[in-house]
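Peer 1: Please find one structure pasted underneath; my questions will follow.
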Amino acid sequence: MSTAKNTVLTAAGELFGKKDPSAVDRWVAPGYIQHSALVADGPEALRGLVAALPDGFRYEGARVIADGDLVALHGTYHGFGPDPLVAFDVFRVDGDGRLVEHWDALTPLVADTASGRSQTDGPADITEPGTTEANRALVAEFARKVLIGGDYSVLTDYVSTETYHQHNPEAADGLDGFGAAAANWAAQGKNLVYKTVHKVIAEGEFVLLQSEGEFGVPVAYYDLFRVADGRIVEHWDVIAPVPAELPHANGLF
């Protein structure tokens with residue numbers, strides 16, 4: 001396990017597992033930069049958030065991806081509100097082993113999905129660490145040509161035509177399932193528009209894109225892909241509207 005991954009898992013376990021506000025002193029840098037729409041900037045705001053977590057709060061982790069000083073968590077928060085929230089959290093860790101920056105996106109858990117798959121189930125272990133850079137390049141090119149460029153004629157150069165497991169709650173498995181969902185969204189005035197990819201976080205067969213765009217309204221896209229044999233074979237995501245106001249001046253990205 002990488003040092004950064006161990007740092008984030010330990011810190012998150014103390015902060016959101018044990019709900020221990022004093023963990024801020026051990027794990028969070030004084031200049032902590034916050035991008036979440038839920039909390040203000042700095043370590044003291046995080047301390048206040050942790051101190052206010054209700055008794056029924058818990059975090060159910062699904063997968064962890066570490067890439068240099070960035071660590072991404074994918075899981076479900078229970079108790080933040082009336083409904084569970086599926087989330088991606090990204091932390092940046094400094095050379096002293098402290099959390100220095102955080103981004104996230106959350107969306108309500110959907111019980112009845114189009115594919116029958118949950119928003120977080122499926123493979124989680126990193127089994128092919130040697131494929132990291134090839135998979136990063138594949139997904140980055142897919143984002144550039146297809147998601148931003150809109151050239152769906154090359155879609156099968158990147159996405160498997162045989163296996164494409166879908167975890168977006170409104171899309172069924174396979175390219176046909178995605179196409180039907182995209183057509184339905186377009187009919188609702190929600191075209192998938194990707195403008196900027198801000199981060200490409202990769203480890204082994206998993207690649208996470210953090211992107212900015214529109215889905216009827218301005219949104220943050222977090223798309224997690226699993227790659228096998230040079231093709232994308234699985235997809236999880238969170239699409240979160242960009243709020244009109246944030247509790248800090250750092251932006252979502």
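In the structure tokens, each chain is lettered A, B, ... as it comes, each chain's residues begin at 1, and ligands are numbered from 1 in order of appearance.
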Write out as JSON lines a residue-level contact list of stretch 7-87 of chain A versus stretch 95-115 of chain A with cut-off 6 Å: for each qualifying residue the closest pair of atoms and the distance in Å to one decimal, counting only C-alpha atoms, rows sorted by chain and residue number upward.

Peer 2:
{"residue": "A:Trp27", "atom": "CA", "partner": "A:Arg98", "partner_atom": "CA", "distance": 4.9}
{"residue": "A:Val28", "atom": "CA", "partner": "A:Leu99", "partner_atom": "CA", "distance": 4.7}
{"residue": "A:Ala29", "atom": "CA", "partner": "A:Val100", "partner_atom": "CA", "distance": 5.4}
{"residue": "A:Tyr32", "atom": "CA", "partner": "A:Val100", "partner_atom": "CA", "distance": 4.5}
{"residue": "A:Ile33", "atom": "CA", "partner": "A:Glu101", "partner_atom": "CA", "distance": 4.6}
{"residue": "A:Gln34", "atom": "CA", "partner": "A:His102", "partner_atom": "CA", "distance": 5.3}
{"residue": "A:His35", "atom": "CA", "partner": "A:Trp103", "partner_atom": "CA", "distance": 4.9}
{"residue": "A:Ser36", "atom": "CA", "partner": "A:Trp103", "partner_atom": "CA", "distance": 5.5}
{"residue": "A:Pro84", "atom": "CA", "partner": "A:Leu109", "partner_atom": "CA", "distance": 5.5}
{"residue": "A:Leu85", "atom": "CA", "partner": "A:Pro108", "partner_atom": "CA", "distance": 4.5}
{"residue": "A:Val86", "atom": "CA", "partner": "A:Thr107", "partner_atom": "CA", "distance": 5.3}
{"residue": "A:Ala87", "atom": "CA", "partner": "A:Leu106", "partner_atom": "CA", "distance": 4.3}

Peer 1: Each residue of stretch 93-200 of chain A lying at most 9 Å from stretch 58-64 of chain A should get a row with its shortest atom-to-atom pair and the distance in Å to one decimal, counting only C-alpha atoms; could you produce that, ordered by chain and increasing number, as a Markdown table?

Peer 2:
| residue | atom | partner | partner_atom | distance |
| --- | --- | --- | --- | --- |
| A:Thr120 | CA | A:Ala62 | CA | 6.1 |
| A:Asp121 | CA | A:Ala62 | CA | 7.2 |
| A:Gly122 | CA | A:Ala62 | CA | 8.8 |
| A:Pro123 | CA | A:Arg63 | CA | 8.5 |
| A:Ala124 | CA | A:Arg63 | CA | 5.2 |
| A:Asp125 | CA | A:Arg63 | CA | 7.4 |
| A:Ile126 | CA | A:Val64 | CA | 8.9 |

Peer 1: Determine the nearest neighbour of A:His167 from the options A:Phe215, A:Phe225, A:Tyr152, A:Trp185, counting only C-alpha atoms.

Peer 2: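 Looking only at the distances to A:His167, the closest residue turns out to be A:Phe225.
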
Peer 1: I need the strand (DSSP E) residues of stretch 8-252 of chain A per DSSP on the backbone, written as a PDB file with N, CA and C atoms, in the first residue's frame.

Peer 2:
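Output below, filename result18.pdb:
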ATOM      1  N   VAL A  28      -4.423  16.559   9.379  1.00  0.00           N
ATOM      2  CA  VAL A  28      -4.815  17.639   8.462  1.00  0.00           C
ATOM      3  C   VAL A  28      -3.836  18.802   8.580  1.00  0.00           C
ATOM      4  N   ALA A  29      -3.322  19.254   7.440  1.00  0.00           N
ATOM      5  CA  ALA A  29      -2.361  20.352   7.408  1.00  0.00           C
ATOM      6  C   ALA A  29      -3.043  21.678   7.762  1.00  0.00           C
ATOM      7  N   PRO A  30      -2.294  22.610   8.364  1.00  0.00           N
ATOM      8  CA  PRO A  30      -2.887  23.905   8.740  1.00  0.00           C
ATOM      9  C   PRO A  30      -3.489  24.664   7.562  1.00  0.00           C
ATOM     10  N   GLY A  31      -2.908  24.507   6.374  1.00  0.00           N
ATOM     11  CA  GLY A  31      -3.408  25.226   5.209  1.00  0.00           C
ATOM     12  C   GLY A  31      -4.378  24.423   4.364  1.00  0.00           C
ATOM     13  N   TYR A  32      -5.104  23.504   4.961  1.00  0.00           N
ATOM     14  CA  TYR A  32      -6.034  22.591   4.274  1.00  0.00           C
ATOM     15  C   TYR A  32      -6.985  23.352   3.357  1.00  0.00           C
ATOM     16  N   ILE A  33      -6.992  22.969   2.080  1.00  0.00           N
ATOM     17  CA  ILE A  33      -7.808  23.632   1.053  1.00  0.00           C
ATOM     18  C   ILE A  33      -9.029  22.770   0.762  1.00  0.00           C
ATOM     19  N   GLN A  34     -10.188  23.351   0.896  1.00  0.00           N
ATOM     20  CA  GLN A  34     -11.440  22.612   0.741  1.00  0.00           C
ATOM     21  C   GLN A  34     -12.155  23.014  -0.548  1.00  0.00           C
ATOM     22  N   ARG A  58     -22.351   6.738   9.159  1.00  0.00           N
ATOM     23  CA  ARG A  58     -21.283   5.777   8.861  1.00  0.00           C
ATOM     24  C   ARG A  58     -20.907   5.893   7.385  1.00  0.00           C
ATOM     25  N   TYR A  59     -19.689   5.472   7.090  1.00  0.00           N
ATOM     26  CA  TYR A  59     -19.194   5.473   5.710  1.00  0.00           C
ATOM     27  C   TYR A  59     -18.928   4.039   5.292  1.00  0.00           C
ATOM     28  N   GLU A  60     -19.452   3.666   4.128  1.00  0.00           N
ATOM     29  CA  GLU A  60     -19.270   2.321   3.579  1.00  0.00           C
ATOM     30  C   GLU A  60     -18.366   2.430   2.341  1.00  0.00           C
ATOM     31  N   GLY A  61     -17.106   2.070   2.502  1.00  0.00           N
ATOM     32  CA  GLY A  61     -16.162   2.198   1.411  1.00  0.00           C
ATOM     33  C   GLY A  61     -16.313   1.106   0.369  1.00  0.00           C
ATOM     34  N   ALA A  62     -16.071   1.464  -0.888  1.00  0.00           N
ATOM     35  CA  ALA A  62     -16.148   0.496  -1.985  1.00  0.00           C
ATOM     36  C   ALA A  62     -14.789   0.264  -2.628  1.00  0.00           C
ATOM     37  N   ARG A  63     -14.059   1.352  -2.947  1.00  0.00           N
ATOM     38  CA  ARG A  63     -12.744   1.198  -3.581  1.00  0.00           C
ATOM     39  C   ARG A  63     -11.876   2.422  -3.319  1.00  0.00           C
ATOM     40  N   VAL A  64     -10.571   2.200  -3.435  1.00  0.00           N
ATOM     41  CA  VAL A  64      -9.577   3.229  -3.175  1.00  0.00           C
ATOM     42  C   VAL A  64      -8.563   3.207  -4.305  1.00  0.00           C
ATOM     43  N   ILE A  65      -8.224   4.381  -4.848  1.00  0.00           N
ATOM     44  CA  ILE A  65      -7.275   4.490  -5.955  1.00  0.00           C
ATOM     45  C   ILE A  65      -6.226   5.525  -5.573  1.00  0.00           C
ATOM     46  N   ALA A  66      -4.979   5.142  -5.621  1.00  0.00           N
ATOM     47  CA  ALA A  66      -3.893   6.055  -5.264  1.00  0.00           C
ATOM     48  C   ALA A  66      -3.029   6.329  -6.485  1.00  0.00           C
ATOM     49  N   ASP A  67      -2.709   7.605  -6.688  1.00  0.00           N
ATOM     50  CA  ASP A  67      -1.914   8.025  -7.842  1.00  0.00           C
ATOM     51  C   ASP A  67      -1.013   9.170  -7.397  1.00  0.00           C
ATOM     52  N   LEU A  70      -2.255  11.917  -4.855  1.00  0.00           N
ATOM     53  CA  LEU A  70      -3.718  11.949  -4.869  1.00  0.00           C
ATOM     54  C   LEU A  70      -4.289  10.576  -4.529  1.00  0.00           C
ATOM     55  N   VAL A  71      -5.313  10.561  -3.699  1.00  0.00           N
ATOM     56  CA  VAL A  71      -5.995   9.323  -3.327  1.00  0.00           C
ATOM     57  C   VAL A  71      -7.493   9.550  -3.474  1.00  0.00           C
ATOM     58  N   ALA A  72      -8.156   8.680  -4.228  1.00  0.00           N
ATOM     59  CA  ALA A  72      -9.594   8.781  -4.452  1.00  0.00           C
ATOM     60  C   ALA A  72     -10.317   7.668  -3.703  1.00  0.00           C
ATOM     61  N   LEU A  73     -11.377   8.031  -3.009  1.00  0.00           N
ATOM     62  CA  LEU A  73     -12.242   7.079  -2.324  1.00  0.00           C
ATOM     63  C   LEU A  73     -13.594   7.050  -3.024  1.00  0.00           C
ATOM     64  N   HIS A  74     -14.156   5.852  -3.147  1.00  0.00           N
ATOM     65  CA  HIS A  74     -15.483   5.681  -3.731  1.00  0.00           C
ATOM     66  C   HIS A  74     -16.306   4.905  -2.717  1.00  0.00           C
ATOM     67  N   GLY A  75     -17.428   5.446  -2.297  1.00  0.00           N
ATOM     68  CA  GLY A  75     -18.220   4.755  -1.287  1.00  0.00           C
ATOM     69  C   GLY A  75     -19.536   5.454  -1.037  1.00  0.00           C
ATOM     70  N   THR A  76     -20.176   5.086   0.083  1.00  0.00           N
ATOM     71  CA  THR A  76     -21.503   5.589   0.409  1.00  0.00           C
ATOM     72  C   THR A  76     -21.531   6.138   1.831  1.00  0.00           C
ATOM     73  N   TYR A  77     -22.059   7.352   1.971  1.00  0.00           N
ATOM     74  CA  TYR A  77     -22.255   7.953   3.279  1.00  0.00           C
ATOM     75  C   TYR A  77     -23.690   7.703   3.738  1.00  0.00           C
ATOM     76  N   HIS A  78     -23.815   7.199   4.945  1.00  0.00           N
ATOM     77  CA  HIS A  78     -25.126   7.001   5.556  1.00  0.00           C
ATOM     78  C   HIS A  78     -25.244   7.962   6.735  1.00  0.00           C
ATOM     79  N   LEU A  85     -25.865   8.721   0.502  1.00  0.00           N
ATOM     80  CA  LEU A  85     -25.249   9.461  -0.597  1.00  0.00           C
ATOM     81  C   LEU A  85     -24.026   8.708  -1.110  1.00  0.00           C
ATOM     82  N   VAL A  86     -24.010   8.425  -2.413  1.00  0.00           N
ATOM     83  CA  VAL A  86     -22.850   7.824  -3.064  1.00  0.00           C
ATOM     84  C   VAL A  86     -21.865   8.943  -3.363  1.00  0.00           C
ATOM     85  N   ALA A  87     -20.579   8.689  -3.095  1.00  0.00           N
ATOM     86  CA  ALA A  87     -19.617   9.785  -3.184  1.00  0.00           C
ATOM     87  C   ALA A  87     -18.285   9.353  -3.760  1.00  0.00           C
ATOM     88  N   PHE A  88     -17.646  10.293  -4.425  1.00  0.00           N
ATOM     89  CA  PHE A  88     -16.217  10.243  -4.708  1.00  0.00           C
ATOM     90  C   PHE A  88     -15.562  11.340  -3.888  1.00  0.00           C
ATOM     91  N   ASP A  89     -14.510  10.983  -3.160  1.00  0.00           N
ATOM     92  CA  ASP A  89     -13.687  11.941  -2.435  1.00  0.00           C
ATOM     93  C   ASP A  89     -12.269  11.828  -2.966  1.00  0.00           C
ATOM     94  N   VAL A  90     -11.637  12.954  -3.226  1.00  0.00           N
ATOM     95  CA  VAL A  90     -10.229  12.973  -3.652  1.00  0.00           C
ATOM     96  C   VAL A  90      -9.444  13.820  -2.657  1.00  0.00           C
ATOM     97  N   PHE A  91      -8.376  13.253  -2.122  1.00  0.00           N
ATOM     98  CA  PHE A  91      -7.507  13.956  -1.187  1.00  0.00           C
ATOM     99  C   PHE A  91      -6.114  14.084  -1.780  1.00  0.00           C
ATOM    100  N   ARG A  92      -5.476  15.227  -1.519  1.00  0.00           N
ATOM    101  CA  ARG A  92      -4.054  15.400  -1.831  1.00  0.00           C
ATOM    102  C   ARG A  92      -3.279  15.360  -0.524  1.00  0.00           C
ATOM    103  N   VAL A  93      -2.202  14.570  -0.535  1.00  0.00           N
ATOM    104  CA  VAL A  93      -1.396  14.356   0.658  1.00  0.00           C
ATOM    105  C   VAL A  93      -0.026  14.995   0.450  1.00  0.00           C
ATOM    106  N   LEU A  99      -3.143  15.589   5.088  1.00  0.00           N
ATOM    107  CA  LEU A  99      -4.123  15.963   4.074  1.00  0.00           C
ATOM    108  C   LEU A  99      -4.044  17.465   3.852  1.00  0.00           C
ATOM    109  N   VAL A 100      -3.850  17.855   2.588  1.00  0.00           N
ATOM    110  CA  VAL A 100      -3.713  19.286   2.299  1.00  0.00           C
ATOM    111  C   VAL A 100      -4.800  19.829   1.374  1.00  0.00           C
ATOM    112  N   GLU A 101      -5.571  18.935   0.727  1.00  0.00           N
ATOM    113  CA  GLU A 101      -6.597  19.418  -0.201  1.00  0.00           C
ATOM    114  C   GLU A 101      -7.629  18.320  -0.407  1.00  0.00           C
ATOM    115  N   HIS A 102      -8.895  18.736  -0.648  1.00  0.00           N
ATOM    116  CA  HIS A 102      -9.991  17.773  -0.788  1.00  0.00           C
ATOM    117  C   HIS A 102     -11.029  18.253  -1.798  1.00  0.00           C
ATOM    118  N   TRP A 103     -11.431  17.324  -2.646  1.00  0.00           N
ATOM    119  CA  TRP A 103     -12.523  17.534  -3.597  1.00  0.00           C
ATOM    120  C   TRP A 103     -13.539  16.417  -3.406  1.00  0.00           C
ATOM    121  N   ASP A 104     -14.809  16.666  -3.735  1.00  0.00           N
ATOM    122  CA  ASP A 104     -15.781  15.569  -3.670  1.00  0.00           C
ATOM    123  C   ASP A 104     -16.978  15.842  -4.565  1.00  0.00           C
ATOM    124  N   ALA A 105     -17.781  14.794  -4.734  1.00  0.00           N
ATOM    125  CA  ALA A 105     -19.065  14.896  -5.421  1.00  0.00           C
ATOM    126  C   ALA A 105     -19.961  13.809  -4.854  1.00  0.00           C
ATOM    127  N   LEU A 106     -21.224  14.157  -4.579  1.00  0.00           N
ATOM    128  CA  LEU A 106     -22.153  13.231  -3.953  1.00  0.00           C
ATOM    129  C   LEU A 106     -23.472  13.218  -4.707  1.00  0.00           C
ATOM    130  N   THR A 107     -24.127  12.059  -4.677  1.00  0.00           N
ATOM    131  CA  THR A 107     -25.423  11.921  -5.332  1.00  0.00           C
ATOM    132  C   THR A 107     -26.257  10.915  -4.544  1.00  0.00           C
ATOM    133  N   PRO A 108     -27.580  11.040  -4.535  1.00  0.00           N
ATOM    134  CA  PRO A 108     -28.399  10.108  -3.756  1.00  0.00           C
ATOM    135  C   PRO A 108     -28.265   8.668  -4.244  1.00  0.00           C
ATOM    136  N   HIS A 165     -20.184  -3.124 -18.179  1.00  0.00           N
ATOM    137  CA  HIS A 165     -21.030  -3.134 -16.995  1.00  0.00           C
ATOM    138  C   HIS A 165     -21.257  -1.694 -16.543  1.00  0.00           C
ATOM    139  N   GLN A 166     -22.521  -1.355 -16.370  1.00  0.00           N
ATOM    140  CA  GLN A 166     -22.897   0.030 -16.115  1.00  0.00           C
ATOM    141  C   GLN A 166     -23.448   0.183 -14.698  1.00  0.00           C
ATOM    142  N   VAL A 193     -22.444  17.081 -21.779  1.00  0.00           N
ATOM    143  CA  VAL A 193     -21.479  18.031 -22.310  1.00  0.00           C
ATOM    144  C   VAL A 193     -20.276  18.078 -21.367  1.00  0.00           C
ATOM    145  N   TYR A 194     -19.135  17.648 -21.874  1.00  0.00           N
ATOM    146  CA  TYR A 194     -17.885  17.704 -21.117  1.00  0.00           C
ATOM    147  C   TYR A 194     -17.043  18.841 -21.680  1.00  0.00           C
ATOM    148  N   LYS A 195     -16.611  19.746 -20.829  1.00  0.00           N
ATOM    149  CA  LYS A 195     -15.831  20.895 -21.284  1.00  0.00           C
ATOM    150  C   LYS A 195     -14.354  20.788 -20.915  1.00  0.00           C
ATOM    151  N   THR A 196     -14.076  20.368 -19.685  1.00  0.00           N
ATOM    152  CA  THR A 196     -12.689  20.325 -19.201  1.00  0.00           C
ATOM    153  C   THR A 196     -12.502  19.108 -18.317  1.00  0.00           C
ATOM    154  N   VAL A 197     -11.435  18.349 -18.552  1.00  0.00           N
ATOM    155  CA  VAL A 197     -11.035  17.282 -17.636  1.00  0.00           C
ATOM    156  C   VAL A 197      -9.990  17.868 -16.698  1.00  0.00           C
ATOM    157  N   HIS A 198     -10.290  17.885 -15.420  1.00  0.00           N
ATOM    158  CA  HIS A 198      -9.392  18.499 -14.435  1.00  0.00           C
ATOM    159  C   HIS A 198      -8.396  17.511 -13.858  1.00  0.00           C
ATOM    160  N   LYS A 199      -8.799  16.242 -13.709  1.00  0.00           N
ATOM    161  CA  LYS A 199      -7.899  15.244 -13.131  1.00  0.00           C
ATOM    162  C   LYS A 199      -8.111  13.896 -13.800  1.00  0.00           C
ATOM    163  N   VAL A 200      -7.003  13.180 -13.988  1.00  0.00           N
ATOM    164  CA  VAL A 200      -7.025  11.790 -14.436  1.00  0.00           C
ATOM    165  C   VAL A 200      -6.230  11.007 -13.394  1.00  0.00           C
ATOM    166  N   ILE A 201      -6.927  10.266 -12.554  1.00  0.00           N
ATOM    167  CA  ILE A 201      -6.316   9.542 -11.437  1.00  0.00           C
ATOM    168  C   ILE A 201      -6.366   8.056 -11.759  1.00  0.00           C
ATOM    169  N   ALA A 202      -5.201   7.429 -11.837  1.00  0.00           N
ATOM    170  CA  ALA A 202      -5.150   6.047 -12.310  1.00  0.00           C
ATOM    171  C   ALA A 202      -4.324   5.168 -11.382  1.00  0.00           C
ATOM    172  N   GLU A 203      -4.815   3.954 -11.190  1.00  0.00           N
ATOM    173  CA  GLU A 203      -4.055   2.905 -10.517  1.00  0.00           C
ATOM    174  C   GLU A 203      -4.528   1.570 -11.055  1.00  0.00           C
ATOM    175  N   PHE A 206      -8.059   0.753 -12.893  1.00  0.00           N
ATOM    176  CA  PHE A 206      -9.041   1.793 -12.591  1.00  0.00           C
ATOM    177  C   PHE A 206      -8.522   3.177 -12.957  1.00  0.00           C
ATOM    178  N   VAL A 207      -9.385   3.969 -13.612  1.00  0.00           N
ATOM    179  CA  VAL A 207      -9.046   5.344 -13.971  1.00  0.00           C
ATOM    180  C   VAL A 207     -10.246   6.228 -13.635  1.00  0.00           C
ATOM    181  N   LEU A 208      -9.999   7.263 -12.832  1.00  0.00           N
ATOM    182  CA  LEU A 208     -11.044   8.205 -12.439  1.00  0.00           C
ATOM    183  C   LEU A 208     -10.829   9.539 -13.135  1.00  0.00           C
ATOM    184  N   LEU A 209     -11.868  10.028 -13.808  1.00  0.00           N
ATOM    185  CA  LEU A 209     -11.852  11.360 -14.407  1.00  0.00           C
ATOM    186  C   LEU A 209     -12.676  12.304 -13.550  1.00  0.00           C
ATOM    187  N   GLN A 210     -12.105  13.459 -13.252  1.00  0.00           N
ATOM    188  CA  GLN A 210     -12.858  14.545 -12.641  1.00  0.00           C
ATOM    189  C   GLN A 210     -12.995  15.623 -13.714  1.00  0.00           C
ATOM    190  N   SER A 211     -14.242  15.902 -14.117  1.00  0.00           N
ATOM    191  CA  SER A 211     -14.464  16.790 -15.255  1.00  0.00           C
ATOM    192  C   SER A 211     -15.510  17.841 -14.926  1.00  0.00           C
ATOM    193  N   GLU A 212     -15.474  18.879 -15.726  1.00  0.00           N
ATOM    194  CA  GLU A 212     -16.426  19.989 -15.606  1.00  0.00           C
ATOM    195  C   GLU A 212     -17.237  20.065 -16.891  1.00  0.00           C
ATOM    196  N   GLY A 213     -18.532  20.266 -16.754  1.00  0.00           N
ATOM    197  CA  GLY A 213     -19.355  20.349 -17.954  1.00  0.00           C
ATOM    198  C   GLY A 213     -20.775  20.734 -17.639  1.00  0.00           C
ATOM    199  N   GLU A 214     -21.693  20.253 -18.489  1.00  0.00           N
ATOM    200  CA  GLU A 214     -23.111  20.555 -18.308  1.00  0.00           C
ATOM    201  C   GLU A 214     -23.931  19.291 -18.492  1.00  0.00           C
ATOM    202  N   PRO A 218     -24.871  23.374 -15.094  1.00  0.00           N
ATOM    203  CA  PRO A 218     -23.442  23.117 -14.864  1.00  0.00           C
ATOM    204  C   PRO A 218     -23.255  22.009 -13.827  1.00  0.00           C
ATOM    205  N   VAL A 219     -22.348  21.065 -14.121  1.00  0.00           N
ATOM    206  CA  VAL A 219     -22.138  19.931 -13.231  1.00  0.00           C
ATOM    207  C   VAL A 219     -20.655  19.595 -13.100  1.00  0.00           C
ATOM    208  N   ALA A 220     -20.365  18.837 -12.052  1.00  0.00           N
ATOM    209  CA  ALA A 220     -19.092  18.137 -11.918  1.00  0.00           C
ATOM    210  C   ALA A 220     -19.346  16.676 -12.257  1.00  0.00           C
ATOM    211  N   TYR A 221     -18.539  16.150 -13.173  1.00  0.00           N
ATOM    212  CA  TYR A 221     -18.612  14.734 -13.531  1.00  0.00           C
ATOM    213  C   TYR A 221     -17.456  13.997 -12.858  1.00  0.00           C
ATOM    214  N   TYR A 222     -17.765  12.950 -12.143  1.00  0.00           N
ATOM    215  CA  TYR A 222     -16.750  12.011 -11.665  1.00  0.00           C
ATOM    216  C   TYR A 222     -17.062  10.671 -12.322  1.00  0.00           C
ATOM    217  N   ASP A 223     -16.206  10.243 -13.235  1.00  0.00           N
ATOM    218  CA  ASP A 223     -16.401   8.991 -13.970  1.00  0.00           C
ATOM    219  C   ASP A 223     -15.263   8.040 -13.641  1.00  0.00           C
ATOM    220  N   LEU A 224     -15.601   6.874 -13.109  1.00  0.00           N
ATOM    221  CA  LEU A 224     -14.609   5.843 -12.814  1.00  0.00           C
ATOM    222  C   LEU A 224     -14.759   4.721 -13.824  1.00  0.00           C
ATOM    223  N   PHE A 225     -13.661   4.385 -14.497  1.00  0.00           N
ATOM    224  CA  PHE A 225     -13.662   3.334 -15.510  1.00  0.00           C
ATOM    225  C   PHE A 225     -12.758   2.193 -15.072  1.00  0.00           C
ATOM    226  N   ARG A 226     -13.170   0.977 -15.405  1.00  0.00           N
ATOM    227  CA  ARG A 226     -12.292  -0.191 -15.269  1.00  0.00           C
ATOM    228  C   ARG A 226     -11.918  -0.652 -16.667  1.00  0.00           C
ATOM    229  N   VAL A 227     -10.640  -0.868 -16.880  1.00  0.00           N
ATOM    230  CA  VAL A 227     -10.120  -1.243 -18.189  1.00  0.00           C
ATOM    231  C   VAL A 227      -9.613  -2.685 -18.144  1.00  0.00           C
ATOM    232  N   ALA A 228      -9.910  -3.443 -19.179  1.00  0.00           N
ATOM    233  CA  ALA A 228      -9.396  -4.807 -19.312  1.00  0.00           C
ATOM    234  C   ALA A 228      -9.034  -5.044 -20.772  1.00  0.00           C
ATOM    235  N   ARG A 231      -9.577  -2.111 -23.313  1.00  0.00           N
ATOM    236  CA  ARG A 231     -10.901  -1.538 -23.532  1.00  0.00           C
ATOM    237  C   ARG A 231     -11.574  -1.261 -22.189  1.00  0.00           C
ATOM    238  N   ILE A 232     -12.411  -0.238 -22.161  1.00  0.00           N
ATOM    239  CA  ILE A 232     -13.208   0.066 -20.981  1.00  0.00           C
ATOM    240  C   ILE A 232     -14.316  -0.975 -20.862  1.00  0.00           C
ATOM    241  N   VAL A 233     -14.415  -1.610 -19.704  1.00  0.00           N
ATOM    242  CA  VAL A 233     -15.403  -2.678 -19.518  1.00  0.00           C
ATOM    243  C   VAL A 233     -16.388  -2.388 -18.373  1.00  0.00           C
ATOM    244  N   GLU A 234     -16.171  -1.308 -17.635  1.00  0.00           N
ATOM    245  CA  GLU A 234     -17.076  -1.021 -16.517  1.00  0.00           C
ATOM    246  C   GLU A 234     -17.013   0.465 -16.192  1.00  0.00           C
ATOM    247  N   HIS A 235     -18.155   0.980 -15.688  1.00  0.00           N
ATOM    248  CA  HIS A 235     -18.254   2.431 -15.438  1.00  0.00           C
ATOM    249  C   HIS A 235     -19.122   2.715 -14.215  1.00  0.00           C
ATOM    250  N   TRP A 236     -18.589   3.544 -13.331  1.00  0.00           N
ATOM    251  CA  TRP A 236     -19.328   4.100 -12.196  1.00  0.00           C
ATOM    252  C   TRP A 236     -19.261   5.617 -12.313  1.00  0.00           C
ATOM    253  N   ASP A 237     -20.243   6.325 -11.769  1.00  0.00           N
ATOM    254  CA  ASP A 237     -20.147   7.780 -11.852  1.00  0.00           C
ATOM    255  C   ASP A 237     -20.954   8.481 -10.775  1.00  0.00           C
ATOM    256  N   VAL A 238     -20.642   9.760 -10.600  1.00  0.00           N
ATOM    257  CA  VAL A 238     -21.455  10.705  -9.850  1.00  0.00           C
ATOM    258  C   VAL A 238     -21.515  11.966 -10.699  1.00  0.00           C
ATOM    259  N   ILE A 239     -22.728  12.453 -10.913  1.00  0.00           N
ATOM    260  CA  ILE A 239     -22.935  13.723 -11.619  1.00  0.00           C
ATOM    261  C   ILE A 239     -23.546  14.679 -10.616  1.00  0.00           C
ATOM    262  N   ALA A 240     -22.805  15.713 -10.232  1.00  0.00           N
ATOM    263  CA  ALA A 240     -23.245  16.609  -9.167  1.00  0.00           C
ATOM    264  C   ALA A 240     -23.412  18.029  -9.697  1.00  0.00           C
ATOM    265  N   PRO A 241     -24.582  18.637  -9.535  1.00  0.00           N
ATOM    266  CA  PRO A 241     -24.768  20.032  -9.960  1.00  0.00           C
ATOM    267  C   PRO A 241     -23.798  20.966  -9.246  1.00  0.00           C
TER     268      PRO A 241
END

Peer 1: Quick one: distance from atom CA of A:Val159 to atom CA of A:Arg144 in Å, one decimal?

Peer 2: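 Rounded to one decimal, the two atoms are 14.1 Å apart.
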
Peer 1: Just list as a ChimeraX atom specification whatever in stretch 45-83 of chain A DSSP marks as helix (DSSP H, G or I).

Peer 2: /A:45-51

Peer 1: For the residues selected in the previous step, produce a file with all heavy atoms as a short mmCIF file (atom, residue, chain, number, x, y, z; two decimals), in the first residue's frame.

Peer 2:
data_model
loop_
_atom_site.label_atom_id
_atom_site.label_comp_id
_atom_site.auth_asym_id
_atom_site.auth_seq_id
_atom_site.Cartn_x
_atom_site.Cartn_y
_atom_site.Cartn_z
N ALA A 45 -13.03 24.07 10.05
CA ALA A 45 -14.34 23.75 9.49
C ALA A 45 -14.54 22.25 9.40
O ALA A 45 -15.63 21.73 9.68
CB ALA A 45 -14.48 24.39 8.11
N LEU A 46 -13.47 21.52 9.04
CA LEU A 46 -13.56 20.06 9.01
C LEU A 46 -13.78 19.51 10.41
O LEU A 46 -14.57 18.58 10.61
CB LEU A 46 -12.28 19.48 8.40
CG LEU A 46 -12.19 17.96 8.32
CD1 LEU A 46 -13.33 17.38 7.48
CD2 LEU A 46 -10.84 17.53 7.75
N ARG A 47 -13.09 20.10 11.39
CA ARG A 47 -13.28 19.66 12.78
C ARG A 47 -14.76 19.83 13.20
O ARG A 47 -15.34 18.95 13.84
CB ARG A 47 -12.38 20.46 13.71
CG ARG A 47 -12.36 19.93 15.14
CD ARG A 47 -11.71 20.94 16.09
NE ARG A 47 -10.41 21.37 15.63
CZ ARG A 47 -9.28 20.72 15.87
NH1 ARG A 47 -9.30 19.60 16.57
NH2 ARG A 47 -8.12 21.20 15.41
N GLY A 48 -15.34 20.96 12.82
CA GLY A 48 -16.73 21.21 13.15
C GLY A 48 -17.67 20.22 12.48
O GLY A 48 -18.65 19.76 13.09
N LEU A 49 -17.37 19.86 11.21
CA LEU A 49 -18.18 18.88 10.50
C LEU A 49 -18.15 17.53 11.20
O LEU A 49 -19.19 16.90 11.42
CB LEU A 49 -17.68 18.74 9.06
CG LEU A 49 -18.36 17.66 8.22
CD1 LEU A 49 -19.79 18.06 7.88
CD2 LEU A 49 -17.57 17.40 6.94
N VAL A 50 -16.96 17.09 11.56
CA VAL A 50 -16.81 15.79 12.22
C VAL A 50 -17.50 15.79 13.58
O VAL A 50 -18.19 14.83 13.95
CB VAL A 50 -15.32 15.42 12.36
CG1 VAL A 50 -15.15 14.15 13.19
CG2 VAL A 50 -14.69 15.23 10.98
N ALA A 51 -17.35 16.88 14.33
CA ALA A 51 -17.96 16.97 15.65
C ALA A 51 -19.49 16.92 15.59
O ALA A 51 -20.14 16.48 16.54
CB ALA A 51 -17.50 18.25 16.35
#
